[in-house]
Each structure stands twice: as C-alpha cells, then as structure tokens.
There are 2 protein chains.
Amino acid sequence: MSDSASATQDHGVIDDAPSVPAPQAGTPHAPRLSAAEEARTLVAATNLAALASLSAEGDPWASLVTYGVLEDGSPVLCLSQMAEHGRNLAADPRASLIITQPDPPADMLAAARVTLAGRARRPADDGERASARAAYLAGVEAGRVFIDFSDFSLFILSVQRVRWVGGYGRMDSATSSAYAAARPDPVMSHGAGAVAHLNADHADALLDIARTLGGYPDATRAACDGVDRYGMDLSLDTARGRAPARVPFPQPLTAGSELRAATVELTQRARAALGRPLSAH
Amino acid sequence: MSDSASATQDHGVIDDAPSVPAPQAGTPHAPRLSAAEEARTLVAATNLAALASLSAEGDPWASLVTYGVLEDGSPVLCLSQMAEHGRNLAADPRASLIITQPDPPADMLAAARVTLAGRARRPADDGERASARAAYLAGVEAGRVFIDFSDFSLFILSVQRVRWVGGYGRMDSATSSAYAAARPDPVMSHGAGAVAHLNADHADALLDIARTLGGYPDATRAACDGVDRYGMDLSLDTARGRAPARVPFPQPLTAGSELRAATVELTQRARAALGRPLSAH
C-alpha cells in the first residue's frame, strides 16, 4: 500500500537519465518537515482546491472549490445544491481534495501538492456550524456574498487519508491524527520574500554555506530554493554537475521573524570554517 | 438534470444583494462562445488539471496531473503505476478532470473552469499510441524526462460529459459531440495582451463604445474584461452603479491578428454615432 516503499522501485533503465554529483564532505543531519507538517502548510497557504466527489452513478466528478480550515486542519466547503458537487456530497459523503502550491514552479510536476480524502459532513450542531462558518469566511472573503443564500450549505471534510507530494521523488503519507496534530510551518509561508532577498543580495553567503555546511566544497554557485523552520534547500553548481543540498538551521525556528538571524548564523559558521570571519554586511 | 435550468432558481432573499443598472438604449445581438467552444478554449489554455479517479474501494481520489490534447479535444495523461491515480485508472476507467483558467481573477469563484468526465483508456494501437505520445509531449515539455520510464503509461480520456462554468452565473453543459467538433477560440487565447493595451491606451475608445454600442449612454468609465472571436466584454461605471456590457464585433474573427482592425471599426462606429468621426490616433 505504501507509495514510500514503491517509490524506491526502478523506473526502468534510461540511458540519459540525469545523475547528481555526490557531496564531497560530511554534512550535519538535516531534518525536514514531516508529511503532516508539509500538508498542513500547503492547506494553509491557499483557499483553492479541486474536489473529487461521486455522482449518483458512482462516477468520480472533479470540480473547483474554495475552502477554509478548522483548527484541526479539516477543510470547510460551502457548496450550492444547484451545483453538481453540492448535490453529490449531499447524497454521498465520500470526497477528496487536491490542493496545489500557489505560485508553483514552471514545471508543475515539481509543485508541492496534497490529497486529503475522507467524508464530508454537515456541521453537527450550532456550535460547530458557527466554527465552520467562521473558518470558511476567514479563508474565502468572497463567501460573504453567498454563504447565506438558501441553496448553500457548509460541509466539513473529516480527513481520513493524507497523501503529500513535494515534487519529483519527494512524497509521503501522513496519518489523520498526525495531520490533525501538526501545524502549518511558520517560516515557509513567509519565506518567498526572504528567499528572493537571499538570492538577490546574498549569493556569496549562500555559496559559502554550500561549500562548507552543504558538503560541496567544489560548488561554484548556489541558490536558495526554499526555507522552512528546520533549514534551507539549496541548488548548486559544480564542475561535476548540479546538485541539491539541505542545510539545517542551528535550531528549529518558531517564527518567520527568526529567519534572518538564523541565516546570519549559518553564514558566520560557514565563513569561520573557511577562515573568513563574517564582517558587517 | 440541467444546471442551466436550476440556475434560475431563487437564491433566497438577501437584503444587500448587488443590483445592476439596466441599459438605456437598444444594443445589437451579441453572440457568445458556445459552452463547447469555451471548454475547448480552456482545455487548450493550460496543461494542468486535477484528476478525480476511483480507489479500489470506490472512493473518489483527487490528484494533480498534466495533459496534452488530441485533435478531438480528448485529454492525454501520462501516469506512473507507482502513483495512486495511475493504479486507479488502470483498475477502473471512470475519470473526470477539472481544468481552471490560468491567470485567474483574485476571486477564484469568478474563474472559468470546465469539468470533463468520461472513461480513461490506453491507446488502442501503435498509431493511436504515437498520436497520444505526440499530444502529451506537445502539452508537457517536462514529459520527455519520464514518458519512457517503464512504470509510466499513456491514458486517453474519452469525454462523455462536459460541464463549463464561466464564473458567477455563467454555466452550461456541452454534448460530447459538440465538444469534439468545437475548436479553441483563436482570439481569447491571445487576448490578454490586447486587453491590457486597450485598457491602458484606449480607455476613451472603450467609453465611446460603451455609450453607443454597449447601450449605456450614461457610462462614465469603461474597461475591457475580455475578448473572444465574437466580441468584447466591458465593465462600466454609471451614476446608477456598475454594469457589464457585451459588444459584438462586426463579424466573428478567425484569428487574433484581426482583433486590432475589429476594435478600430467598433470605435469608428461608436464615434460616428456620437457625431465624432475617428481621427488618426
């Protein structure tokens, strides 16, 4: 059942399959977000999903939906009974959402996405209805226009399966309890501007980090592909080819505001290792 | 069954529901793209979709896919048997795709989208396999990396149902034969730059068109929201409120290159009606 296991299978032999140069130095252990954290972060990053529901004939039906999120990560939909997907969920609760990274890379198969599958249900009581309504409106500003139309209903997706794909070759499942307990990453969601700043103004620091903490002393150029609370992902050029590197922060961050200090500390460590202590910059 | 009919139902009484001022002059008949043309245009505009397939338990499963398109509009997927959606389609052909307008408006529920539902099948013979392969690679450049991996297979979606939603209140179904016979609109797909140019440099012409051909002599400002081979959509301000207007081209266009001449002709007609013949601009 596990795609994690099957993902280690062979893709068949392709003569010109790309190869990646190995690091030439040991690197510190570089933890990553769990699949549950990745999923919660993606779900928090947008309000747009595609819904798979079942028609009266049991056929799958794909549609566009907007959503809000309850504290436990359960998506909240607001659907019209005039629309096919609203009628589908009212008749059969089985449902699945696919949520895709906003601002994805040009190659969409490298984009992060997550499938949440479970059962859609109406709020159980007035208290839950109020929570679901508030969550939907917090996620979907335009919902104020239609949420009180008589043909619209709130649905809460009780998540039973979580399947996260981080791009080519990065994928994992999360249990529903791990998903509910996880929190969105506080750094990744504010990281796009920081990543752009690092690449635009601190390419020299990134290269020093790649050459030391990244394990590639022969790196000739390094760019930051992303950050999260545990560390940064680099892509770097060497004479042997292009390689990815993962560099952990000195300690996991708890807020996006800590990112600057953490990258300065990595740069200090890198320059100390290179015998070039950090000057003011 | 038809959402077109049910879409005329009451949304309930909402005190502050927006109202739209009526035109104050007769306007020419303004044809629009058919639902089949809208669907083909959307399908041609991107290579990214969400797939709804069925798990072994018959549950719906939503996932991200890329696609190419055969001449008759059938989407072509290339999926790995290592991935859940690839195994799902191999076991049960029932499938549905939702394709959403690229570069959508901020309010995603105003975005155009289309659901295609039908049966996914492997190419029937070497000839169809070659066509499907060429179509997929024409749509998905990155496919060259994995299309020959032994775990990947091509699937052709035989479209049985087409449901197009153009945004709030604009929706219709198309038959599978109408969908197969239709062609992508040649103007809409090249229209974004033209629309930006009209709005940036020809707001005066748009206002003249809105005041005459658009039926709103009291318009004080007009912007172009979009173009297609049959005409242009305007949104305009009046002292009575904001209104949409649809203005047909003198004749349907057959290529994006005809758009400039058609808008000049509309401007000439508008200024003749206002007693201000067009001068060089």
# chains A, B, ... in the order shown; residues from 1 in each chain; ligands from 1
>>> closest_atom_pairs(of="chain B", to="chain A", cutoff="6 Å", atoms="only C-alpha atoms", output="Markdown table")
| residue | atom | partner | partner_atom | distance |
| --- | --- | --- | --- | --- |
| B:His11 | CA | A:Phe149 | CA | 5.1 |
| B:Gly12 | CA | A:Ser150 | CA | 5.2 |
| B:Ala52 | CA | A:Ala52 | CA | 5.1 |
| B:Ser53 | CA | A:Pro60 | CA | 5.8 |
| B:Pro60 | CA | A:Ala52 | CA | 5.5 |
| B:Trp61 | CA | A:Ser96 | CA | 5.5 |
| B:Ala62 | CA | A:Ile98 | CA | 5.2 |
| B:Ser63 | CA | A:Ile98 | CA | 5.5 |
| B:Ala95 | CA | A:Pro60 | CA | 5.8 |
| B:Ser96 | CA | A:Trp61 | CA | 5.5 |
| B:Leu97 | CA | A:Ala62 | CA | 5.5 |
| B:Ile98 | CA | A:Ala62 | CA | 5.2 |
| B:Phe149 | CA | A:His11 | CA | 5.2 |
| B:Ser150 | CA | A:Gly12 | CA | 5.1 |
| B:Asp151 | CA | A:His11 | CA | 5.9 |
>>> write_last_selection(atoms="all heavy atoms", output="compact mmCIF listing (two decimals), in the first residue's frame")
# COMPACT_ATOMS: atom_id res chain seq x y z
N HIS B 11 -32.09 32.32 -5.01
CA HIS B 11 -31.00 32.18 -4.03
C HIS B 11 -31.48 32.59 -2.65
O HIS B 11 -30.66 32.78 -1.76
CB HIS B 11 -29.81 33.07 -4.42
CG HIS B 11 -28.87 32.42 -5.37
ND1 HIS B 11 -28.15 31.29 -5.07
CD2 HIS B 11 -28.50 32.75 -6.62
CE1 HIS B 11 -27.38 30.95 -6.09
NE2 HIS B 11 -27.58 31.82 -7.04
N GLY B 12 -32.80 32.76 -2.47
CA GLY B 12 -33.26 33.30 -1.20
C GLY B 12 -33.15 34.81 -1.25
O GLY B 12 -32.51 35.38 -2.12
N ALA B 52 -10.03 13.34 -10.93
CA ALA B 52 -10.80 12.54 -9.98
C ALA B 52 -10.85 11.12 -10.51
O ALA B 52 -11.36 10.89 -11.61
CB ALA B 52 -12.21 13.11 -9.80
N SER B 53 -10.29 10.19 -9.75
CA SER B 53 -10.33 8.78 -10.12
C SER B 53 -10.95 8.01 -8.97
O SER B 53 -11.34 8.60 -7.96
CB SER B 53 -8.92 8.26 -10.45
OG SER B 53 -8.06 8.43 -9.34
N PRO B 60 -13.64 8.45 -4.18
CA PRO B 60 -13.04 9.39 -5.12
C PRO B 60 -11.65 9.80 -4.65
O PRO B 60 -11.41 9.93 -3.45
CB PRO B 60 -14.01 10.58 -5.09
CG PRO B 60 -14.66 10.51 -3.74
CD PRO B 60 -14.72 9.05 -3.37
N TRP B 61 -10.73 9.99 -5.59
CA TRP B 61 -9.35 10.35 -5.27
C TRP B 61 -8.94 11.49 -6.18
O TRP B 61 -8.96 11.38 -7.39
CB TRP B 61 -8.43 9.16 -5.48
CG TRP B 61 -7.01 9.42 -5.08
CD1 TRP B 61 -5.94 9.60 -5.89
CD2 TRP B 61 -6.50 9.51 -3.74
NE1 TRP B 61 -4.80 9.81 -5.15
CE2 TRP B 61 -5.12 9.76 -3.83
CE3 TRP B 61 -7.09 9.41 -2.47
CZ2 TRP B 61 -4.32 9.92 -2.70
CZ3 TRP B 61 -6.28 9.57 -1.34
CH2 TRP B 61 -4.91 9.81 -1.47
N ALA B 62 -8.61 12.62 -5.57
CA ALA B 62 -8.23 13.82 -6.32
C ALA B 62 -6.71 13.91 -6.40
O ALA B 62 -6.03 13.69 -5.39
CB ALA B 62 -8.79 15.06 -5.64
N SER B 63 -6.20 14.24 -7.56
CA SER B 63 -4.75 14.34 -7.74
C SER B 63 -4.43 15.36 -8.81
O SER B 63 -5.31 15.80 -9.55
CB SER B 63 -4.16 12.97 -8.11
OG SER B 63 -4.72 12.52 -9.33
N ALA B 95 -13.30 8.43 -14.85
CA ALA B 95 -12.39 9.53 -14.53
C ALA B 95 -13.02 10.85 -14.90
O ALA B 95 -13.91 10.93 -15.74
CB ALA B 95 -11.07 9.36 -15.28
N SER B 96 -12.55 11.90 -14.25
CA SER B 96 -13.03 13.25 -14.51
C SER B 96 -11.87 14.21 -14.28
O SER B 96 -11.03 14.00 -13.40
CB SER B 96 -14.18 13.53 -13.53
OG SER B 96 -14.61 14.86 -13.60
N LEU B 97 -11.80 15.23 -15.11
CA LEU B 97 -10.78 16.27 -14.97
C LEU B 97 -11.45 17.60 -14.74
O LEU B 97 -12.47 17.91 -15.35
CB LEU B 97 -9.95 16.39 -16.25
CG LEU B 97 -9.00 15.26 -16.63
CD1 LEU B 97 -8.36 15.57 -17.99
CD2 LEU B 97 -7.91 15.09 -15.57
N ILE B 98 -10.87 18.42 -13.86
CA ILE B 98 -11.26 19.83 -13.76
C ILE B 98 -10.07 20.68 -14.19
O ILE B 98 -8.96 20.50 -13.70
CB ILE B 98 -11.75 20.20 -12.34
CG1 ILE B 98 -11.98 21.70 -12.21
CG2 ILE B 98 -10.77 19.76 -11.27
CD1 ILE B 98 -13.33 22.15 -12.60
N PHE B 149 9.87 6.02 -19.04
CA PHE B 149 10.06 5.17 -17.86
C PHE B 149 9.08 4.00 -17.94
O PHE B 149 7.93 4.17 -18.37
CB PHE B 149 9.81 5.95 -16.58
CG PHE B 149 10.92 6.89 -16.17
CD1 PHE B 149 10.63 8.02 -15.41
CD2 PHE B 149 12.24 6.66 -16.52
CE1 PHE B 149 11.63 8.89 -15.01
CE2 PHE B 149 13.25 7.53 -16.12
CZ PHE B 149 12.94 8.65 -15.36
N SER B 150 9.54 2.82 -17.50
CA SER B 150 8.73 1.62 -17.71
C SER B 150 7.45 1.62 -16.88
O SER B 150 6.52 0.88 -17.18
CB SER B 150 9.55 0.38 -17.38
OG SER B 150 10.05 0.46 -16.05
N ASP B 151 7.38 2.43 -15.83
CA ASP B 151 6.18 2.43 -14.99
C ASP B 151 5.15 3.45 -15.46
O ASP B 151 4.07 3.53 -14.87
CB ASP B 151 6.55 2.71 -13.53
CG ASP B 151 7.35 4.00 -13.36
OD1 ASP B 151 8.42 4.11 -13.98
OD2 ASP B 151 6.89 4.90 -12.63
>>> select_by_dssp(residues="region 71-230 of chain A", states="strand (DSSP E)", output="ChimeraX atom specification")
/A:75-80,94-100,113-121,152-167,170-174,219-228
>>> select_by_dssp(residues="region 178-273 of chain A", states="helix (DSSP H, G or I)", output="ChimeraX atom specification")
/A:178-181,188-201,203-211,256-273
>>> closest_residue(among="B:Leu206, B:Glu128, B:Arg229, B:Leu274", to="Ala245 (chain B)", atoms="only C-alpha atoms")
B:Leu206
>>> atom_distance(atom1="CA of Cys78 (chain B)", atom2="CA of Arg161 (chain A)")
24.1 Å
>>> residues_around(residues="region 182-188 of chain B", least_positions_apart="5", cutoff="7 Å", atoms="only C-alpha atoms", output="ChimeraX atom specification")
/B:36-37,40-41,44,227-229,254-256
>>> residues_around(residues="Ala222 (chain B)", least_positions_apart="6", cutoff="12 Å", atoms="only C-alpha atoms", output="list in words")
Leu198, Asn199, Ala200, His202, Ala203, Asp204, Ala205, Leu206, Leu207, Asp208, Ile209, Ala210, Arg211, Thr212, Gly214, Tyr216, Met232, Asp233, Leu234, Ser235, Leu236, Asp237, Thr238, Arg242, Ala243, Pro244, Ala245 and Arg246 of chain B
>>> residues_around(residues="Pro28 (chain A)", least_positions_apart="5", cutoff="9 Å", atoms="only C-alpha atoms", output="VMD selection string")
chain A and resid 213 to 215 247 to 248
